[in-house]
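**Student:** Below are the structure tokens for one structure; questions will follow.
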Amino acid sequence: MTVTIQLPHNNDYNIFIDKLKKITIDTKAVIVTNPTVSAFHLNYLKNSLETKELSICTIPDGEQYKNMETIDSILVHCFEHRLDRKSILIALGGGVIGDMTGFAASIYQRGIDFIQVPTTLLSQVDASVGGKTGVNNKYGKNLIGAFWQPRTVYIDPSFLSTLPKREFGAGIAEIVKMAATFNKDFFEWLEVNDLNVSENIQLAIQKSVETKAWVVSQDERERGLRAALNYGHTFGHVIENETNYNTYLHGEAVGIGMVMANALAVEIGLLSVEESKRITTLLQKYSIPTQYKIKDVEDFYEHFFLDKKSLDNKIKFILAKGIGDCEITDQISKDVVIKVLKGFAK
Ligand SMILES: NC(=O)c1ccc[n+]([C@@H]2O[C@H](COP(=O)([O-])OP(=O)(O)OC[C@H]3O[C@@H](n4cnc5c(N)ncnc54)[C@H](O)[C@@H]3O)[C@@H](O)[C@H]2O)c1
């Protein structure tokens, strides 16, 4: 199955969703990966690759290494292996590897090509598509980066066979996000099908990638519609921040964030209680957490302003509008938000 992402300036690229086939690259290439992923999947990728010259750049595993220091180590590897402007980086790993490889590619000699080979469910359905790359710093997550589209994305669902169950659930949260805000039929399909079945997960990946590709084609630089992909994230980022990024996986925090956003949507009449329950039930089917106890409501509210999407002191909320549609608004009063947050403080 192939999805094409259509972008201005002849930047279109293909996303292949299938078992890896032969990938031929007629220049030097570097695979950027980490020890966890390489132990499982590096040989498999190498067996599918034909390059002029190949080297492996292994960086430490973990979100805490998603920083400029690691970017520098990738760049040093590129210089030491004398990569030129035609060379290619290949990201083999989850969203952390993909975001960093893409960012390194965007700045090495003013920008070289890169390929995404995502190995987590979250990166297969979301992070590898759309060209957002970057790293964290002490001011927050993904605050340094670039829009830099990959040349191609190869999504092989067989990588998921080694993925821990929690990581799988975190990816499903992003699938639910896409269905709940953009595609009612897909949501209803998810309600009655089991994503632990391989044909089903392959189809769910395809549907999610099609949705993301369509959204990015409309709004590559997130001037409008693309912000809808942050459904659950406004709340989720606060939860991640309050828990020092060490309690919930990103997708899990987004899962709880969707439940909170739904409570707000119910409060202002965009979503029915019954629809909100259906979204929660779907998350719970995959053991994704849906509850969080807010300790200090005012403090939680203030945290919203740390989000880079909060402009001019206004908080941008992405809310489900029924199932399969959404609304982006920065017009909700503090009183209403506080009332909803109090519902999570009991
Ligand atoms: N660029 C985007 O549009 C975008 C979108 C969403 C998230 N992200 C970013 O993605 C990151 C989260 O990505 P993630 O959830 O993939 O986390 P991750 O990259 O940290 O991977 C999670 C863990 O799974 C391991 N792993 C990866 N593939 C595996 C496999 N097949 N088998 C066993 N273990 C495997 C990794 O080594 C890691 O320990 C965050 O940094 C987030 O900011 C980016």
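Quick note on naming: the chains in the structure tokens go A, B, ... in the order shown, residues restart at 1 in each chain, and ligands are numbered from 1 in order of appearance.
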I want to know what sits within 10 Å of A:Ser55, based on only C-alpha atoms, with residues of the same chain fewer than 2 positions away left out; could you give that as a list in words?
**Tutor:**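 Contacts, in chain order: Lys28, Ala29, Val30, Ile31, Val32, Thr51, Glu53, Cys57, Thr58, His77, Cys78, His81 and Leu89 of chain A.
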**Student:** Using N, CA and C atoms, can you export the residues from the last selection as a compact mmCIF listing (two decimals), in the first residue's frame?
**Tutor:**
# COMPACT_ATOMS: atom_id res chain seq x y z
N LYS A 28 26.38 7.69 -0.45
CA LYS A 28 26.70 7.27 0.92
C LYS A 28 25.47 7.41 1.79
N ALA A 29 25.36 6.51 2.76
CA ALA A 29 24.20 6.60 3.67
C ALA A 29 24.63 6.28 5.09
N VAL A 30 23.90 6.86 6.02
CA VAL A 30 24.14 6.57 7.45
C VAL A 30 22.81 6.14 8.05
N ILE A 31 22.80 5.00 8.73
CA ILE A 31 21.62 4.63 9.51
C ILE A 31 21.81 5.20 10.92
N VAL A 32 20.84 6.00 11.36
CA VAL A 32 20.87 6.51 12.73
C VAL A 32 19.87 5.67 13.53
N THR A 51 23.59 0.38 -0.81
CA THR A 51 24.08 1.77 -0.85
C THR A 51 25.51 1.78 -1.40
N GLU A 53 27.96 3.31 0.17
CA GLU A 53 28.78 3.10 1.37
C GLU A 53 27.86 3.33 2.56
N CYS A 57 25.29 5.03 12.84
CA CYS A 57 25.49 6.00 13.93
C CYS A 57 24.51 5.62 15.05
N THR A 58 25.08 5.11 16.14
CA THR A 58 24.21 4.66 17.25
C THR A 58 24.21 5.71 18.34
N HIS A 77 29.53 12.39 13.29
CA HIS A 77 29.59 11.12 12.55
C HIS A 77 29.55 11.40 11.03
N CYS A 78 28.67 12.30 10.62
CA CYS A 78 28.54 12.60 9.18
C CYS A 78 29.84 13.20 8.64
N HIS A 81 32.61 10.59 8.41
CA HIS A 81 32.42 9.65 7.29
C HIS A 81 32.33 10.38 5.96
N LEU A 89 20.63 10.33 5.21
CA LEU A 89 20.49 9.74 6.55
C LEU A 89 19.23 8.87 6.56
**Student:** Using DSSP secondary structure from the backbone, list all alpha helix (DSSP H) positions within stretch 125-335 of chain A, as a PyMOL selection string.
**Tutor:** chain A and resi 165-182+184-192+198-218+233-242+250-267+273-285+297-303+334-335
**Student:** Which chains and residue numbers are within 7 Å of ligand 1, counting only C-alpha atoms and all ligand atoms, if I want them as a PyMOL selection string?
**Tutor:** chain A and resi 34+36-37+40+61-63+93-97+99+119-123+126-133+141-142+159-164+167+170-171+250-251
**Student:** Keeping only N, CA and C atoms, write the selected residues to a file as a short mmCIF file (atom, residue, chain, number, x, y, z; two decimals), in the first residue's frame.
**Tutor:**
data_model
loop_
_atom_site.label_atom_id
_atom_site.label_comp_id
_atom_site.auth_asym_id
_atom_site.auth_seq_id
_atom_site.Cartn_x
_atom_site.Cartn_y
_atom_site.Cartn_z
N ASN A 34 19.33 3.38 17.70
CA ASN A 34 19.79 3.26 19.09
C ASN A 34 20.01 1.78 19.41
N THR A 36 18.66 -0.35 21.44
CA THR A 36 17.46 -1.19 21.59
C THR A 36 16.95 -1.63 20.22
N VAL A 37 16.80 -0.66 19.34
CA VAL A 37 16.23 -0.96 18.02
C VAL A 37 17.23 -1.75 17.17
N PHE A 40 17.29 -5.49 17.64
CA PHE A 40 16.17 -6.24 17.03
C PHE A 40 16.17 -6.16 15.51
N ASP A 61 19.46 5.58 23.78
CA ASP A 61 18.00 5.43 23.71
C ASP A 61 17.34 6.29 24.77
N GLY A 62 16.38 7.11 24.38
CA GLY A 62 15.58 7.82 25.39
C GLY A 62 15.32 9.27 25.04
N GLU A 63 14.14 9.71 25.45
CA GLU A 63 13.73 11.11 25.22
C GLU A 63 14.73 12.08 25.86
N GLY A 93 14.06 3.73 13.93
CA GLY A 93 13.67 3.80 15.34
C GLY A 93 12.33 4.47 15.51
N GLY A 94 12.03 4.85 16.75
CA GLY A 94 10.76 5.51 17.05
C GLY A 94 10.83 7.00 16.75
N GLY A 95 9.88 7.73 17.32
CA GLY A 95 9.78 9.16 17.05
C GLY A 95 11.00 9.94 17.48
N VAL A 96 11.67 9.50 18.53
CA VAL A 96 12.84 10.23 19.00
C VAL A 96 13.95 10.18 17.94
N ILE A 97 14.20 8.98 17.43
CA ILE A 97 15.22 8.81 16.39
C ILE A 97 14.81 9.57 15.12
N ASP A 99 12.75 12.18 14.74
CA ASP A 99 12.80 13.65 14.87
C ASP A 99 14.25 14.15 14.86
N THR A 119 9.80 2.47 13.68
CA THR A 119 9.68 1.12 14.26
C THR A 119 8.71 1.04 15.44
N THR A 120 8.21 2.20 15.93
CA THR A 120 7.15 2.14 16.95
C THR A 120 5.82 2.42 16.26
N LEU A 121 4.74 2.03 16.92
CA LEU A 121 3.43 2.31 16.32
C LEU A 121 3.21 3.82 16.25
N LEU A 122 3.61 4.53 17.31
CA LEU A 122 3.41 5.99 17.31
C LEU A 122 4.13 6.64 16.13
N SER A 123 5.36 6.20 15.88
CA SER A 123 6.09 6.83 14.78
C SER A 123 5.54 6.37 13.42
N ASP A 126 2.21 8.45 13.00
CA ASP A 126 2.20 9.89 13.22
C ASP A 126 3.57 10.55 12.96
N ALA A 127 4.55 10.26 13.84
CA ALA A 127 5.77 11.07 13.84
C ALA A 127 6.57 11.02 12.53
N SER A 128 6.54 9.88 11.82
CA SER A 128 7.41 9.76 10.64
C SER A 128 6.86 10.50 9.43
N VAL A 129 5.59 10.91 9.52
CA VAL A 129 4.93 11.55 8.38
C VAL A 129 4.73 13.03 8.65
N GLY A 130 5.15 13.88 7.75
CA GLY A 130 4.77 15.29 7.89
C GLY A 130 5.92 16.25 8.09
N GLY A 131 7.13 15.73 8.35
CA GLY A 131 8.31 16.60 8.30
C GLY A 131 8.56 17.49 9.49
N LYS A 132 7.94 17.22 10.64
CA LYS A 132 8.32 17.99 11.83
C LYS A 132 9.53 17.30 12.44
N THR A 133 10.61 18.04 12.60
CA THR A 133 11.82 17.45 13.17
C THR A 133 12.30 18.35 14.30
N LYS A 141 9.66 20.91 25.19
CA LYS A 141 9.79 19.84 24.19
C LYS A 141 9.70 20.39 22.77
N ASN A 142 10.54 19.89 21.91
CA ASN A 142 10.49 20.18 20.47
C ASN A 142 10.53 21.68 20.17
N PHE A 159 7.88 -4.67 12.32
CA PHE A 159 8.73 -4.14 13.40
C PHE A 159 8.00 -4.16 14.75
N LEU A 160 6.67 -4.09 14.67
CA LEU A 160 5.89 -3.95 15.91
C LEU A 160 5.90 -5.22 16.76
N SER A 161 6.35 -6.33 16.17
CA SER A 161 6.32 -7.60 16.92
C SER A 161 7.20 -7.55 18.17
N THR A 162 8.18 -6.66 18.20
CA THR A 162 9.08 -6.60 19.36
C THR A 162 8.74 -5.42 20.29
N LEU A 163 7.69 -4.69 19.95
CA LEU A 163 7.38 -3.47 20.72
C LEU A 163 6.67 -3.82 22.04
N PRO A 164 7.13 -3.24 23.18
CA PRO A 164 6.43 -3.48 24.44
C PRO A 164 4.97 -3.03 24.37
N GLU A 167 4.06 0.63 24.79
CA GLU A 167 4.41 1.47 23.63
C GLU A 167 3.36 1.30 22.52
N ALA A 170 0.42 3.38 23.42
CA ALA A 170 0.70 4.81 23.19
C ALA A 170 0.47 5.16 21.71
N GLY A 171 0.81 4.24 20.84
CA GLY A 171 0.58 4.47 19.40
C GLY A 171 -0.91 4.44 19.09
N HIS A 250 4.36 9.50 26.04
CA HIS A 250 3.70 10.64 25.37
C HIS A 250 2.27 10.26 24.93
N GLY A 251 2.13 9.13 24.27
CA GLY A 251 0.80 8.72 23.78
C GLY A 251 -0.18 8.49 24.92
#
**Student:** Could you name the residues that touch A:Val117 at 6 Å or less, counting only C-alpha atoms, but leaving out those on the same chain fewer than 4 positions away, as a ChimeraX atom specification?
**Tutor:** /A:91-92,154
**Student:** Any idea what the distance is between atom CA of A:Leu49 and atom CA of A:Glu210?
**Tutor:**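 Computing the Euclidean distance for atom CA of A:Leu49 and atom CA of A:Glu210 yields 25.9 Å.
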**Student:** Atom CA of A:Asn200 to atom CA of A:Leu7: how many Å, to one decimal?
**Tutor:**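 Computing the Euclidean distance for atom CA of A:Asn200 and atom CA of A:Leu7 yields 28.7 Å.
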**Student:** Which parts of stretch 122-240 of chain A does DSSP call strand (DSSP E or B) when run on the backbone here, written out as a list in words?
**Tutor:** Lys132, Thr133, Gly134, Val135, Asn136, Asn137, Gly140, Lys141, Asn142, Leu143, Ile144, Gly145, Ala146, Phe147, Thr152, Val153, Tyr154 and Ile155 of chain A
**Student:** Would you mind listing what lies within 12 Å of A:Lys293 as a CSV table (one decimal) with all heavy atoms, in the first residue's frame, with only C-alpha atoms counted and same-chain residues fewer than 3 positions away left out?
**Tutor:**
chain,number,residue,atom,x,y,z
A,239,ILE,N,0.2,17.4,31.6
A,239,ILE,CA,0.4,16.2,32.4
A,239,ILE,C,1.8,15.7,32.3
A,239,ILE,O,2.4,15.3,33.3
A,239,ILE,CB,-0.6,15.1,31.9
A,239,ILE,CG1,-2.0,15.6,32.2
A,239,ILE,CG2,-0.3,13.7,32.5
A,239,ILE,CD1,-3.1,14.7,31.5
A,242,GLU,N,3.9,18.1,34.4
A,242,GLU,CA,3.7,17.9,35.8
A,242,GLU,C,4.3,16.7,36.4
A,242,GLU,O,4.6,16.6,37.6
A,242,GLU,CB,2.2,17.9,36.1
A,242,GLU,CG,1.5,19.3,36.1
A,242,GLU,CD,0.2,19.3,36.9
A,242,GLU,OE1,-0.4,18.2,37.2
A,242,GLU,OE2,-0.2,20.4,37.2
A,243,THR,N,4.4,15.6,35.6
A,243,THR,CA,4.9,14.4,36.1
A,243,THR,C,6.4,14.2,35.6
A,243,THR,O,6.9,13.0,35.6
A,243,THR,CB,4.0,13.2,35.6
A,243,THR,OG1,3.9,13.3,34.2
A,243,THR,CG2,2.6,13.2,36.2
A,256,ILE,N,-5.0,10.6,28.1
A,256,ILE,CA,-5.7,11.3,29.2
A,256,ILE,C,-6.1,12.7,28.7
A,256,ILE,O,-7.2,13.2,29.0
A,256,ILE,CB,-4.8,11.4,30.4
A,256,ILE,CG1,-4.3,10.1,30.9
A,256,ILE,CG2,-5.5,12.1,31.6
A,256,ILE,CD1,-3.2,10.1,31.9
A,260,MET,N,-9.8,14.7,28.9
A,260,MET,CA,-10.0,16.0,29.4
A,260,MET,C,-10.6,17.0,28.4
A,260,MET,O,-11.5,17.8,28.7
A,260,MET,CB,-8.7,16.6,30.0
A,260,MET,CG,-8.2,15.9,31.2
A,260,MET,SD,-6.7,16.7,31.8
A,260,MET,CE,-6.5,15.9,33.4
A,289,PRO,N,-4.2,4.8,29.8
A,289,PRO,CA,-4.8,5.4,31.0
A,289,PRO,C,-5.8,6.6,30.6
A,289,PRO,O,-5.5,7.3,29.6
A,289,PRO,CB,-3.6,6.0,31.7
A,289,PRO,CG,-2.4,5.9,30.8
A,289,PRO,CD,-2.8,4.9,29.7
A,290,THR,N,-6.8,6.7,31.3
A,290,THR,CA,-7.8,7.7,31.0
A,290,THR,C,-8.1,8.6,32.2
A,290,THR,O,-9.0,9.4,32.2
A,290,THR,CB,-9.2,7.1,30.5
A,290,THR,OG1,-9.6,6.1,31.5
A,290,THR,CG2,-9.0,6.4,29.2
A,296,ASP,N,-3.5,20.8,41.7
A,296,ASP,CA,-3.7,22.2,41.9
A,296,ASP,C,-4.3,22.7,40.5
A,296,ASP,O,-3.5,22.8,39.6
A,296,ASP,CB,-2.4,22.9,42.3
A,296,ASP,CG,-2.6,24.3,42.5
A,296,ASP,OD1,-3.5,25.0,41.9
A,296,ASP,OD2,-1.9,24.9,43.4
A,297,VAL,N,-5.5,23.0,40.5
A,297,VAL,CA,-6.2,23.4,39.3
A,297,VAL,C,-5.6,24.7,38.7
A,297,VAL,O,-5.4,24.8,37.5
A,297,VAL,CB,-7.7,23.6,39.6
A,297,VAL,CG1,-8.4,24.3,38.4
A,297,VAL,CG2,-8.4,22.2,39.8
A,300,PHE,N,-2.3,23.9,37.1
A,300,PHE,CA,-2.5,23.2,35.9
A,300,PHE,C,-2.8,24.2,34.8
A,300,PHE,O,-2.3,24.1,33.7
A,300,PHE,CB,-3.6,22.1,36.1
A,300,PHE,CG,-3.7,21.1,35.0
A,300,PHE,CD1,-3.1,19.8,35.1
A,300,PHE,CD2,-4.3,21.4,33.7
A,300,PHE,CE1,-3.2,18.9,34.1
A,300,PHE,CE2,-4.4,20.4,32.7
A,300,PHE,CZ,-3.8,19.2,32.9
A,341,LEU,N,-11.6,21.5,34.8
A,341,LEU,CA,-10.4,21.0,35.5
A,341,LEU,C,-10.8,20.5,36.9
A,341,LEU,O,-10.3,19.5,37.4
A,341,LEU,CB,-9.3,22.0,35.5
A,341,LEU,CG,-8.7,22.4,34.2
A,341,LEU,CD1,-7.6,23.4,34.4
A,341,LEU,CD2,-8.1,21.2,33.5
A,342,LYS,N,-11.7,21.2,37.5
A,342,LYS,CA,-12.1,20.8,38.9
A,342,LYS,C,-12.7,19.5,38.9
A,342,LYS,O,-12.6,18.7,39.9
A,342,LYS,CB,-13.1,21.9,39.5
A,342,LYS,CG,-12.3,23.1,40.0
A,342,LYS,CD,-13.3,24.1,40.7
A,342,LYS,CE,-12.5,25.3,41.2
A,342,LYS,NZ,-13.3,26.4,41.5
A,343,GLY,N,-13.3,19.1,37.8
A,343,GLY,CA,-13.9,17.7,37.7
A,343,GLY,C,-12.8,16.6,37.7
A,343,GLY,O,-13.1,15.5,38.1
A,344,PHE,N,-11.6,17.0,37.5
A,344,PHE,CA,-10.5,16.0,37.5
A,344,PHE,C,-9.7,16.2,38.8
A,344,PHE,O,-8.6,15.5,39.0
A,344,PHE,CB,-9.6,16.2,36.3
A,344,PHE,CG,-10.2,15.8,35.0
A,344,PHE,CD1,-11.0,16.7,34.3
A,344,PHE,CD2,-10.1,14.5,34.6
A,344,PHE,CE1,-11.6,16.3,33.1
A,344,PHE,CE2,-10.7,14.1,33.4
A,344,PHE,CZ,-11.5,15.0,32.7
A,345,ALA,N,-10.1,17.0,39.7
A,345,ALA,CA,-9.4,17.3,40.9
A,345,ALA,C,-10.0,16.6,42.1
A,345,ALA,O,-9.4,16.6,43.2
A,345,ALA,CB,-9.3,18.8,41.2
A,346,LYS,N,-11.1,15.9,41.9
A,346,LYS,CA,-11.8,15.3,43.0
A,346,LYS,C,-11.1,13.9,43.3
A,346,LYS,O,-10.7,13.2,42.5
A,346,LYS,CB,-13.3,15.0,42.7
A,346,LYS,CG,-14.0,16.4,42.6
A,346,LYS,CD,-15.4,16.1,42.1
A,346,LYS,CE,-16.1,17.4,41.7
A,346,LYS,NZ,-16.9,17.3,40.5
**Student:** Name the closest residue to A:Lys321 among the candidates A:Lys184, A:Lys46, A:Arg226, A:His233; distances are taken between atoms, counting only C-alpha atoms.
**Tutor:** A:Lys184
**Student:** Applying 7 Å and only C-alpha atoms, which residues near A:Arg151 remain after dropping the ones on its own chain fewer than 4 positions away? List them as a PDB file with all heavy atoms, in the first residue's frame.
**Tutor:**
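What ended up in selection-v7.pdb:
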ATOM      1  N   TYR A  13       6.135  13.065  -1.588  1.00  0.00           N
ATOM      2  CA  TYR A  13       6.885  11.831  -1.338  1.00  0.00           C
ATOM      3  C   TYR A  13       5.946  10.685  -1.001  1.00  0.00           C
ATOM      4  O   TYR A  13       4.776  10.902  -0.684  1.00  0.00           O
ATOM      5  CB  TYR A  13       7.948  12.011  -0.252  1.00  0.00           C
ATOM      6  CG  TYR A  13       7.439  12.459   1.108  1.00  0.00           C
ATOM      7  CD1 TYR A  13       7.127  11.546   2.105  1.00  0.00           C
ATOM      8  CD2 TYR A  13       7.321  13.815   1.402  1.00  0.00           C
ATOM      9  CE1 TYR A  13       6.695  11.975   3.353  1.00  0.00           C
ATOM     10  CE2 TYR A  13       6.890  14.242   2.643  1.00  0.00           C
ATOM     11  CZ  TYR A  13       6.586  13.323   3.612  1.00  0.00           C
ATOM     12  OH  TYR A  13       6.156  13.748   4.844  1.00  0.00           O
ATOM     13  N   ASP A 113      19.087  14.855   2.229  1.00  0.00           N
ATOM     14  CA  ASP A 113      17.886  14.010   2.272  1.00  0.00           C
ATOM     15  C   ASP A 113      17.919  13.056   3.461  1.00  0.00           C
ATOM     16  O   ASP A 113      18.990  12.676   3.937  1.00  0.00           O
ATOM     17  CB  ASP A 113      17.796  13.166   0.995  1.00  0.00           C
ATOM     18  CG  ASP A 113      17.207  13.972  -0.157  1.00  0.00           C
ATOM     19  OD1 ASP A 113      16.791  15.126   0.075  1.00  0.00           O
ATOM     20  OD2 ASP A 113      17.167  13.433  -1.277  1.00  0.00           O
ATOM     21  N   PHE A 114      16.737  12.665   3.897  1.00  0.00           N
ATOM     22  CA  PHE A 114      16.670  11.571   4.872  1.00  0.00           C
ATOM     23  C   PHE A 114      15.454  10.699   4.602  1.00  0.00           C
ATOM     24  O   PHE A 114      14.495  11.118   3.932  1.00  0.00           O
ATOM     25  CB  PHE A 114      16.732  12.093   6.313  1.00  0.00           C
ATOM     26  CG  PHE A 114      15.421  12.540   6.922  1.00  0.00           C
ATOM     27  CD1 PHE A 114      14.855  11.843   7.978  1.00  0.00           C
ATOM     28  CD2 PHE A 114      14.757  13.658   6.431  1.00  0.00           C
ATOM     29  CE1 PHE A 114      13.656  12.255   8.552  1.00  0.00           C
ATOM     30  CE2 PHE A 114      13.557  14.084   6.999  1.00  0.00           C
ATOM     31  CZ  PHE A 114      13.013  13.379   8.061  1.00  0.00           C
ATOM     32  N   ILE A 115      15.554   9.479   5.115  1.00  0.00           N
ATOM     33  CA  ILE A 115      14.499   8.480   4.924  1.00  0.00           C
ATOM     34  C   ILE A 115      14.025   8.056   6.305  1.00  0.00           C
ATOM     35  O   ILE A 115      14.829   7.912   7.226  1.00  0.00           O
ATOM     36  CB  ILE A 115      15.075   7.262   4.149  1.00  0.00           C
ATOM     37  CG1 ILE A 115      15.289   7.640   2.684  1.00  0.00           C
ATOM     38  CG2 ILE A 115      14.188   6.043   4.275  1.00  0.00           C
ATOM     39  CD1 ILE A 115      15.988   6.567   1.873  1.00  0.00           C
TER      40      ILE A 115
END
**Student:** In Å to one decimal, how far is atom CA of A:Arg166 from atom CA of A:Glu69?
**Tutor:**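 Answer for the atom CA of A:Glu69 to atom CA of A:Arg166 separation: 28.2 Å.
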**Student:** For a quick check of understanding, using only C-alpha atoms, which of A:Val238, A:Ile5, A:Glu275, A:Leu54 has the smallest distance to A:Ile25?
**Tutor:**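 The shortest atom-to-atom distance to A:Ile25 comes from A:Leu54.
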**Student:** Could you name the residues that touch stretch 135-140 of chain A at 9 Å or less, counting only C-alpha atoms, but leaving out those on the same chain fewer than 6 positions away, as a ChimeraX atom specification?
**Tutor:** /A:63-68,71,96,99-100,103,241,306-308
**Student:** List as a list in words the protein and nucleic acid residues near A:Leu20, meaning an atom at most 12 Å away when only C-alpha atoms are counted, but skip any in the same chain fewer than 3 places from it.
**Tutor:**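 My reading of the contact set: Met1, Ile15, Phe16, Ile17, Ile23, Thr24, His41, Tyr44, Leu45, Lys46, Asn47, Ser48, Leu49, Val117, Pro118, Thr119, Val153, Tyr154, Ile155, Asp156, Pro157, Ser158 and Phe159 of chain A.
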**Student:** Write a file of the just-selected residues containing C-alpha atoms, as a compact mmCIF listing (two decimals), in the first residue's frame.
**Tutor:**
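File written: result.txt
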# COMPACT_ATOMS: atom_id res chain seq x y z
CA MET A 1 0.00 0.00 0.00
CA ILE A 15 4.91 6.38 2.27
CA PHE A 16 5.10 2.63 1.72
CA ILE A 17 3.17 0.48 4.18
CA ILE A 23 15.88 0.05 -1.01
CA THR A 24 18.56 1.22 -3.42
CA HIS A 41 16.04 -4.76 13.57
CA TYR A 44 16.83 -6.77 8.78
CA LEU A 45 17.12 -3.23 7.43
CA LYS A 46 20.70 -3.76 6.27
CA ASN A 47 19.60 -6.82 4.31
CA SER A 48 17.11 -4.67 2.43
CA LEU A 49 19.55 -1.87 1.69
CA VAL A 117 12.00 3.75 8.77
CA PRO A 118 9.74 4.05 11.84
CA THR A 119 9.68 1.12 14.26
CA VAL A 153 8.88 6.67 4.53
CA TYR A 154 9.00 2.87 4.79
CA ILE A 155 6.48 1.56 7.32
CA ASP A 156 6.90 -2.14 7.98
CA PRO A 157 4.31 -3.32 10.54
CA SER A 158 6.43 -6.40 11.32
CA PHE A 159 8.73 -4.14 13.40
